[in-house]
file protein34.txt (compact mmCIF, C-alpha atoms and all ligand atoms)
# COMPACT_ATOMS: atom_id res chain seq x y z
CA MET A 1 36.35 45.18 38.31
CA SER A 2 34.44 43.78 35.39
CA PRO A 3 32.54 40.57 36.33
CA ASP A 4 32.82 39.03 32.84
CA LYS A 5 36.64 39.12 32.85
CA LYS A 6 39.20 36.89 34.53
CA ASN A 7 40.74 38.18 37.76
CA ALA A 8 44.51 38.10 38.18
CA ILE A 9 46.85 39.02 41.04
CA VAL A 10 50.51 39.74 40.24
CA THR A 11 53.04 40.22 43.04
CA GLY A 12 56.06 42.46 42.57
CA ALA A 13 53.83 44.31 40.11
CA TYR A 14 55.88 47.47 39.73
CA GLY A 15 59.18 45.61 39.30
CA ALA A 16 60.81 45.30 35.88
CA ILE A 17 59.31 41.95 34.92
CA GLY A 18 56.19 42.38 37.05
CA GLN A 19 55.11 45.52 35.22
CA ALA A 20 55.61 43.85 31.83
CA ILE A 21 53.55 40.87 33.01
CA CYS A 22 50.77 43.19 34.19
CA SER A 23 50.85 45.04 30.90
CA GLY A 24 50.45 41.78 28.94
CA LEU A 25 47.52 40.72 31.12
CA ALA A 26 45.88 44.15 30.89
CA LEU A 27 46.15 44.07 27.10
CA ASN A 28 44.48 40.65 27.20
CA GLY A 29 41.52 42.05 29.12
CA TYR A 30 42.14 40.63 32.59
CA ASN A 31 41.06 42.47 35.72
CA VAL A 32 44.56 42.93 37.12
CA THR A 33 45.35 43.47 40.80
CA LEU A 34 48.84 44.81 41.36
CA ALA A 35 50.40 43.64 44.63
CA GLY A 36 53.43 45.41 46.03
CA ARG A 37 54.62 47.10 49.17
CA ASP A 38 54.95 50.73 48.08
CA ALA A 39 51.65 52.57 47.62
CA SER A 40 53.11 55.35 45.50
CA ASN A 41 54.86 52.97 43.06
CA LEU A 42 51.67 50.94 42.84
CA GLU A 43 49.63 54.01 41.95
CA LYS A 44 52.16 55.18 39.34
CA THR A 45 52.13 51.74 37.73
CA ARG A 46 48.34 51.49 37.88
CA SER A 47 47.96 54.86 36.10
CA TRP A 48 50.61 53.96 33.53
CA LEU A 49 48.95 50.63 32.77
CA MET A 50 45.49 52.14 32.40
CA HIS A 51 46.83 54.84 30.09
CA HIS A 52 49.02 52.56 27.95
CA THR A 53 46.76 49.51 27.69
CA GLY A 54 43.35 51.19 27.72
CA ASN A 55 42.21 48.65 30.35
CA GLN A 56 40.52 50.49 33.21
CA HIS A 57 40.10 47.37 35.34
CA ILE A 58 43.40 47.69 37.18
CA SER A 59 43.48 47.87 40.96
CA SER A 60 46.25 47.67 43.52
CA ILE A 61 46.90 46.40 47.00
CA ALA A 62 49.74 47.53 49.21
CA ILE A 63 51.17 44.52 50.97
CA ASP A 64 54.44 43.45 52.50
CA LEU A 65 54.90 39.93 51.18
CA SER A 66 57.36 39.09 53.92
CA SER A 67 54.45 39.01 56.37
CA GLN A 68 52.21 35.96 56.70
CA LYS A 69 49.75 38.02 58.74
CA GLU A 70 49.40 40.70 56.04
CA ILE A 71 48.82 38.06 53.37
CA ARG A 72 46.22 36.32 55.52
CA GLU A 73 44.45 39.64 56.21
CA LEU A 74 44.48 40.48 52.52
CA SER A 75 42.92 37.13 51.65
CA ARG A 76 40.15 37.77 54.16
CA LYS A 77 39.28 41.00 52.37
CA TRP A 78 39.45 39.51 48.86
CA LYS A 79 36.08 39.51 47.15
CA GLY A 80 35.16 37.36 44.22
CA PRO A 81 36.83 34.59 42.29
CA LEU A 82 40.48 34.45 41.30
CA HIS A 83 41.62 32.86 38.03
CA LEU A 84 45.30 33.66 37.96
CA LEU A 85 47.96 34.19 40.62
CA ILE A 86 51.46 35.13 39.50
CA ASN A 87 54.02 35.00 42.30
CA ASN A 88 56.84 37.19 41.05
CA ALA A 89 58.14 39.41 43.88
CA ALA A 90 61.70 38.86 45.04
CA THR A 91 64.40 40.54 47.02
CA ALA A 92 68.13 39.95 47.60
CA PRO A 93 69.53 42.19 50.34
CA SER A 94 73.31 42.24 50.44
CA ARG A 95 73.38 41.61 54.20
CA ARG A 96 71.37 39.13 56.22
CA THR A 97 68.26 40.87 57.50
CA GLU A 98 65.17 39.60 59.26
CA THR A 99 61.50 40.50 59.00
CA PRO A 100 59.72 41.87 62.09
CA ASP A 101 58.62 38.25 62.65
CA GLY A 102 62.26 37.15 62.81
CA ILE A 103 62.46 35.34 59.47
CA GLU A 104 65.48 35.77 57.18
CA MET A 105 64.30 38.19 54.48
CA GLN A 106 64.93 36.14 51.33
CA TRP A 107 63.35 33.05 52.87
CA ALA A 108 60.36 35.17 53.89
CA VAL A 109 59.73 37.07 50.62
CA ASN A 110 61.10 34.73 47.97
CA VAL A 111 59.93 31.42 49.40
CA LEU A 112 57.31 31.83 52.13
CA GLY A 113 55.74 34.80 50.34
CA TYR A 114 54.96 32.49 47.38
CA PHE A 115 53.87 29.74 49.78
CA TRP A 116 51.54 32.01 51.78
CA MET A 117 49.99 33.67 48.71
CA THR A 118 49.25 30.23 47.25
CA SER A 119 47.95 28.84 50.55
CA TYR A 120 45.63 31.75 51.30
CA PHE A 121 44.42 32.51 47.76
CA HIS A 122 43.92 29.10 46.16
CA PRO A 123 40.48 28.69 47.80
CA PHE A 124 39.29 31.61 45.62
CA MET A 125 40.50 29.70 42.54
CA THR A 126 38.95 26.33 43.30
CA GLY A 127 36.49 25.21 40.65
CA ASN A 128 37.03 28.25 38.40
CA THR A 129 37.49 27.46 34.73
CA ASP A 130 41.16 27.45 33.74
CA ALA A 131 42.57 28.53 37.14
CA ARG A 132 46.35 28.89 37.07
CA ILE A 133 49.22 29.71 39.41
CA VAL A 134 52.51 30.79 37.86
CA ASN A 135 55.62 30.98 40.03
CA VAL A 136 58.43 33.10 38.63
CA ALA A 137 61.59 31.20 39.59
CA SER A 138 64.95 31.08 37.77
CA TYR A 139 67.47 28.84 36.05
CA TRP A 140 69.86 30.35 38.63
CA ALA A 141 68.90 27.89 41.35
CA GLY A 142 70.42 25.34 43.71
CA GLY A 143 72.05 24.78 47.07
CA LEU A 144 68.88 24.45 49.15
CA ASP A 145 69.82 23.52 52.71
CA LEU A 146 66.72 22.41 54.58
CA ASP A 147 68.69 22.24 57.82
CA ASP A 148 69.69 25.90 57.56
CA PRO A 149 67.31 27.69 55.18
CA GLU A 150 67.64 31.01 57.01
CA PHE A 151 71.43 31.16 57.25
CA LYS A 152 71.60 30.82 61.01
CA ARG A 153 74.57 28.46 60.71
CA ARG A 154 75.96 29.21 57.23
CA PRO A 155 77.49 32.60 56.49
CA TYR A 156 74.91 34.64 54.59
CA ASP A 157 75.58 35.39 50.95
CA ASN A 158 72.80 37.02 48.95
CA ASP A 159 73.53 34.96 45.86
CA VAL A 160 73.54 31.66 47.79
CA ALA A 161 70.30 32.63 49.56
CA TYR A 162 68.73 33.65 46.24
CA ARG A 163 69.69 30.44 44.44
CA GLN A 164 68.22 28.28 47.19
CA ALA A 165 65.03 30.36 47.15
CA LYS A 166 64.61 29.90 43.40
CA GLN A 167 65.18 26.15 43.81
CA ALA A 168 62.48 26.16 46.47
CA ASN A 169 60.07 28.03 44.13
CA ARG A 170 60.42 25.26 41.59
CA MET A 171 60.00 22.48 44.16
CA LEU A 172 56.99 24.09 45.83
CA SER A 173 55.34 24.51 42.43
CA ALA A 174 55.51 20.74 42.01
CA ALA A 175 54.22 20.18 45.55
CA PHE A 176 51.26 22.53 45.12
CA ALA A 177 50.52 21.14 41.64
CA GLU A 178 49.87 17.72 43.18
CA ARG A 179 47.79 19.12 46.01
CA LEU A 180 45.68 21.45 43.87
CA ALA A 181 45.06 19.17 40.89
CA SER A 182 41.78 17.95 42.36
CA GLU A 183 40.66 21.58 42.69
CA GLY A 184 41.24 22.18 38.97
CA ILE A 185 44.17 24.55 39.53
CA THR A 186 47.41 24.22 37.59
CA VAL A 187 50.74 25.32 39.09
CA ASN A 188 53.86 25.82 36.97
CA SER A 189 57.14 27.67 37.41
CA CYS A 190 59.57 29.32 35.02
CA HIS A 191 62.72 31.26 34.41
CA PRO A 192 61.62 34.64 33.04
CA GLY A 193 64.69 36.09 31.33
CA ASP A 194 67.81 38.07 32.17
CA VAL A 195 66.46 41.57 32.70
CA ASN A 196 68.00 44.73 34.08
CA SER A 197 66.25 45.30 37.42
CA LYS A 198 66.76 46.27 41.03
CA LEU A 199 67.07 42.55 41.71
CA SER A 200 69.61 41.72 38.99
CA ASN A 201 71.60 44.83 40.01
CA ALA A 202 71.82 43.40 43.55
CA PHE A 203 74.03 40.68 42.03
CA GLY A 204 76.01 43.11 39.90
CA PHE A 205 74.26 42.13 36.65
CA GLY A 206 72.55 44.31 34.09
CA GLY A 207 70.55 41.99 31.88
CA SER A 208 70.50 41.22 28.17
CA GLU A 209 66.74 40.87 27.69
CA SER A 210 63.95 43.44 27.78
CA PRO A 211 61.25 43.31 30.49
CA GLU A 212 58.81 42.22 27.76
CA GLN A 213 61.09 39.32 26.84
CA GLY A 214 61.36 38.50 30.55
CA ALA A 215 57.57 38.51 30.84
CA ALA A 216 57.02 36.25 27.83
CA THR A 217 57.32 32.87 29.59
CA PRO A 218 55.26 33.86 32.68
CA LEU A 219 52.58 35.20 30.30
CA PHE A 220 52.75 32.03 28.20
CA LEU A 221 52.08 29.96 31.33
CA ALA A 222 49.31 32.34 32.36
CA ARG A 223 47.42 32.50 29.08
CA SER A 224 48.36 29.89 26.50
CA ASN A 225 46.00 27.06 25.63
CA GLN A 226 49.10 24.95 24.94
CA VAL A 227 49.69 24.64 28.70
CA ARG A 228 46.10 24.69 29.86
CA ASN A 229 46.24 21.14 31.22
CA ILE A 230 49.90 21.05 32.18
CA THR A 231 50.82 21.28 35.83
CA GLY A 232 53.86 20.86 38.07
CA LYS A 233 56.34 21.68 35.30
CA TYR A 234 59.21 24.11 34.90
CA PHE A 235 59.70 26.28 31.77
CA GLU A 236 62.46 28.35 30.19
CA HIS A 237 61.94 30.46 27.05
CA LEU A 238 58.44 29.05 26.47
CA LYS A 239 59.65 25.44 26.61
CA GLU A 240 59.23 22.81 29.30
CA VAL A 241 62.59 21.87 30.80
CA SER A 242 63.10 18.95 33.14
CA CYS A 243 63.69 20.02 36.74
CA THR A 244 65.88 17.72 38.79
CA PHE A 245 64.94 19.55 42.01
CA SER A 246 61.24 18.74 41.60
CA SER A 247 61.90 15.06 40.97
CA GLU A 248 63.43 14.66 44.45
CA LYS A 249 60.07 13.78 45.98
CA ASN A 250 61.24 13.33 49.56
CA LYS A 251 63.00 16.67 49.57
CA VAL A 252 60.01 18.38 47.95
CA GLU A 253 57.74 17.05 50.69
CA ALA A 254 60.24 18.00 53.42
CA LEU A 255 60.37 21.54 52.03
CA PHE A 256 56.57 21.73 51.92
CA ARG A 257 56.30 20.57 55.54
CA LEU A 258 58.94 23.10 56.59
CA CYS A 259 56.98 25.93 54.94
CA GLU A 260 53.75 24.66 56.50
CA GLN A 261 55.32 25.15 59.94
CA SER A 262 55.12 28.90 59.30
CA LEU A 263 51.30 28.71 59.31
CA PRO A 264 49.21 28.89 62.49
CA ALA A 265 48.24 25.39 63.70
CA SER A 266 44.60 25.84 62.65
CA GLU A 267 45.62 26.57 59.03
CA LYS A 268 48.00 23.67 58.31
N1 LIG B 301 65.85 40.10 36.36
C1 LIG B 301 66.34 38.91 36.06
O1 LIG B 301 67.32 38.81 35.28
C2 LIG B 301 65.72 37.66 36.60
C3 LIG B 301 66.30 36.42 36.25
C4 LIG B 301 65.72 35.26 36.76
C5 LIG B 301 64.61 35.34 37.56
N2 LIG B 301 64.07 36.54 37.89
C6 LIG B 301 62.88 36.56 38.75
O2 LIG B 301 61.93 37.45 38.23
C7 LIG B 301 61.12 37.99 39.28
C8 LIG B 301 61.02 39.50 39.13
O3 LIG B 301 62.30 40.05 39.27
P1 LIG B 301 62.73 41.44 38.63
O4 LIG B 301 64.02 41.20 37.94
O5 LIG B 301 61.59 42.05 37.89
O6 LIG B 301 63.06 42.26 39.95
P2 LIG B 301 62.59 43.70 40.48
O7 LIG B 301 62.42 44.65 39.36
O8 LIG B 301 63.53 44.04 41.59
O9 LIG B 301 61.15 43.36 41.05
C9 LIG B 301 60.95 42.68 42.25
C10 LIG B 301 59.68 43.20 42.89
O10 LIG B 301 59.45 42.51 44.13
C11 LIG B 301 59.05 43.48 45.09
N3 LIG B 301 59.29 43.10 46.47
C12 LIG B 301 60.46 42.83 47.08
N4 LIG B 301 60.27 42.61 48.39
C13 LIG B 301 58.93 42.75 48.63
C14 LIG B 301 58.11 42.66 49.78
N5 LIG B 301 58.61 42.39 51.01
N6 LIG B 301 56.78 42.86 49.65
C15 LIG B 301 56.25 43.17 48.45
N7 LIG B 301 56.97 43.28 47.31
C16 LIG B 301 58.30 43.07 47.41
C17 LIG B 301 59.89 44.71 44.72
O11 LIG B 301 59.36 45.86 45.36
P3 LIG B 301 60.36 47.00 45.97
O12 LIG B 301 60.93 47.71 44.79
O13 LIG B 301 59.47 47.82 46.82
O14 LIG B 301 61.43 46.27 46.72
C18 LIG B 301 59.76 44.70 43.21
O15 LIG B 301 58.55 45.32 42.81
C19 LIG B 301 61.77 37.51 40.59
O16 LIG B 301 61.03 36.43 41.11
C20 LIG B 301 63.14 37.06 40.16
O17 LIG B 301 63.67 36.05 40.99
C21 LIG B 301 64.60 37.70 37.44
call {"tool": "encode", "arguments": {"input": "protein34.txt", "output": "structure tokens"}}
result
Amino acid sequence: MSPDKKNAIVTGAYGAIGQAICSGLALNGYNVTLAGRDASNLEKTRSWLMHHTGNQHISSIAIDLSSQKEIRELSRKWKGPLHLLINNAATAPSRRTETPDGIEMQWAVNVLGYFWMTSYFHPFMTGNTDARIVNVASYWAGGLDLDDPEFKRRPYDNDVAYRQAKQANRMLSAAFAERLASEGITVNSCHPGDVNSKLSNAFGFGGSESPEQGAATPLFLARSNQVRNITGKYFEHLKEVSCTFSSEKNKVEALFRLCEQSLPASEK
């Protein structure tokens, strides 16, 4: 890693949109750390990025983002400052499944994964110039049920679980933005674009936009001076859009407290 460049971590780095985000950051000279669960896909993407962008400062970490313990361990090994965290990984299994820790999979990866990455990595961002967190959410959002977030009572439907997760991404962005403002870290969320991917295929959709188009808004939030001092906002197609979910302050705080319960007592 080059010490005079900004360090970025991108989750879901070998996914359709993730790879395009990493490519944009690599072309802009960031030290990019690819985070994903499959070592072979990570290595293929790392080689591709180095070859196609000419940036040799690309590294990777194999991590299952459904595991709080793995994320905590990873943070303990992280060396050096962090300037940019892009939470982008997502999953949408067709049937209800649980992680080895007994958490419903979409709640674990799509919501708590973002929450844990932010919780464990923001200390490395504190005080760094222009530190930013970008949460890739969606316009396809809603239906969050804080009394049954893991579909223990409701019948599981991957689309319903996904929409509530993407609502939660947007709300948690607002919650973290408030908490991290004093540390000089901005937190924004966005809809990327409709892109053909493993994820969109899980809902029977192809996608009308290219991965590069899908990466444009996350990259805008990551790099543009126009949003340097903006935090807690939601964006679509490079424009700020009002988010009704994030304005429900009581529900935002209730969601944050619910996510906090997943942390060991000493880390809340
Ligand atoms: N595509 C769209 O039209 C669209 C629209 C709106 C929002 N989004 C958002 O855009 C983001 C990227 O989606 P995408 O379309 O690029 O999907 P994708 O190609 O399926 O990428 C998702 C990535 O997340 C990774 N992932 C899933 N579970 C994981 C776990 N437990 N640990 C580590 N990594 C894990 C996947 O790895 P594996 O391949 O190993 O599972 C994959 O690399 C998501 O947040 C999604 O909600 C996408």
call {"tool": "residues_around", "arguments": {"input": "protein34.txt", "residues": "A:Leu258", "least_positions_apart": "5", "cutoff": "12 Å", "atoms": "only C-alpha atoms", "output": "list in words"}}
result
Trp107, Val111, Leu112, Phe115, Asp145, Leu146, Asp147, Asp148, Pro149, Glu150, Ala168, Leu172, Lys251, Val252, Glu253, Leu263 and Lys268 of chain A
call {"tool": "closest_residue", "arguments": {"input": "protein34.txt", "among": "A:Ser75, A:Thr33, A:Asn158, A:Ser208", "to": "A:Thr91", "atoms": "all atoms listed in the file"}}
result
A:Asn158
call {"tool": "atom_distance", "arguments": {"input": "protein34.txt", "atom1": "atom CA of A:Ser40", "atom2": "atom CA of A:Val10"}}
result
16.7 Å
call {"tool": "residues_near_ligand", "arguments": {"input": "protein34.txt", "ligand": "ligand LIG 301 (chain B)", "cutoff": "8 Å", "atoms": "only C-alpha atoms and all ligand atoms", "output": "PyMOL selection string"}}
result
chain A and resi 11-19+35-38+41+62-67+87-91+105+108-110+135-140+162+166+191-200+205-207+209+211+214
call {"tool": "residues_around", "arguments": {"input": "protein34.txt", "residues": "A:Glu178", "least_positions_apart": "6", "cutoff": "10 Å", "atoms": "all atoms listed in the file", "output": "PyMOL selection string"}}
result
chain A and resi 172+185-187+231-232
call {"tool": "residues_around", "arguments": {"input": "protein34.txt", "residues": "stretch 46-54 of chain A", "least_positions_apart": "2", "cutoff": "7 Å", "atoms": "only C-alpha atoms", "output": "list in words"}}
result
Ser23, Ala26, Leu27, Leu42, Glu43, Lys44, Gln56, Ile58 and Ser59 of chain A
call {"tool": "residues_near_point", "arguments": {"input": "protein34.txt", "point": "(38.2, 45.0, 46.7)", "cutoff": "9 Å", "atoms": "only C-alpha atoms", "output": "list of chain:residue names"}}
result
A:Met1, A:Ser59, A:Ile61, A:Lys77, A:Trp78, A:Lys79, A:Gly80
call {"tool": "write_last_selection", "arguments": {"input": "protein34.txt", "atoms": "C-alpha atoms", "output": "short mmCIF file (atom, residue, chain, number, x, y, z; two decimals), keeping the file's coordinate frame"}}
result
data_model
loop_
_atom_site.label_atom_id
_atom_site.label_comp_id
_atom_site.auth_asym_id
_atom_site.auth_seq_id
_atom_site.Cartn_x
_atom_site.Cartn_y
_atom_site.Cartn_z
CA MET A 1 36.35 45.18 38.31
CA SER A 59 43.48 47.87 40.96
CA ILE A 61 46.90 46.40 47.00
CA LYS A 77 39.28 41.00 52.37
CA TRP A 78 39.45 39.51 48.86
CA LYS A 79 36.08 39.51 47.15
CA GLY A 80 35.16 37.36 44.22
#
call {"tool": "residues_around", "arguments": {"input": "protein34.txt", "residues": "A:Met171", "least_positions_apart": "5", "cutoff": "10 Å", "atoms": "only C-alpha atoms", "output": "number ranges by chain"}}
result
A: 137, 165-166, 176-177, 189, 232-234, 243-249, 251-253, 255-256
call {"tool": "atom_distance", "arguments": {"input": "protein34.txt", "atom1": "atom CA of A:His122", "atom2": "atom CA of A:Glu183"}}
result
8.9 Å
call {"tool": "closest_residue", "arguments": {"input": "protein34.txt", "among": "A:Ala8, A:Leu85, A:Ala39, A:Ile21", "to": "A:His57", "atoms": "only C-alpha atoms"}}
result
A:Ala8
call {"tool": "closest_residue", "arguments": {"input": "protein34.txt", "among": "A:Cys190, A:Ile133, A:Ala92, A:Leu180", "to": "A:Arg223", "atoms": "all atoms listed in the file"}}
result
A:Ile133
call {"tool": "atom_distance", "arguments": {"input": "protein34.txt", "atom1": "atom CA of A:Arg72", "atom2": "atom CA of A:Ser262"}}
result
12.2 Å
call {"tool": "residues_around", "arguments": {"input": "protein34.txt", "residues": "stretch 219-221 of chain A", "least_positions_apart": "4", "cutoff": "9 Å", "atoms": "only C-alpha atoms", "output": "MDAnalysis selection string"}}
result
chainID A and resid 21 24:25 132:134 188:190 215 225:228 235 238
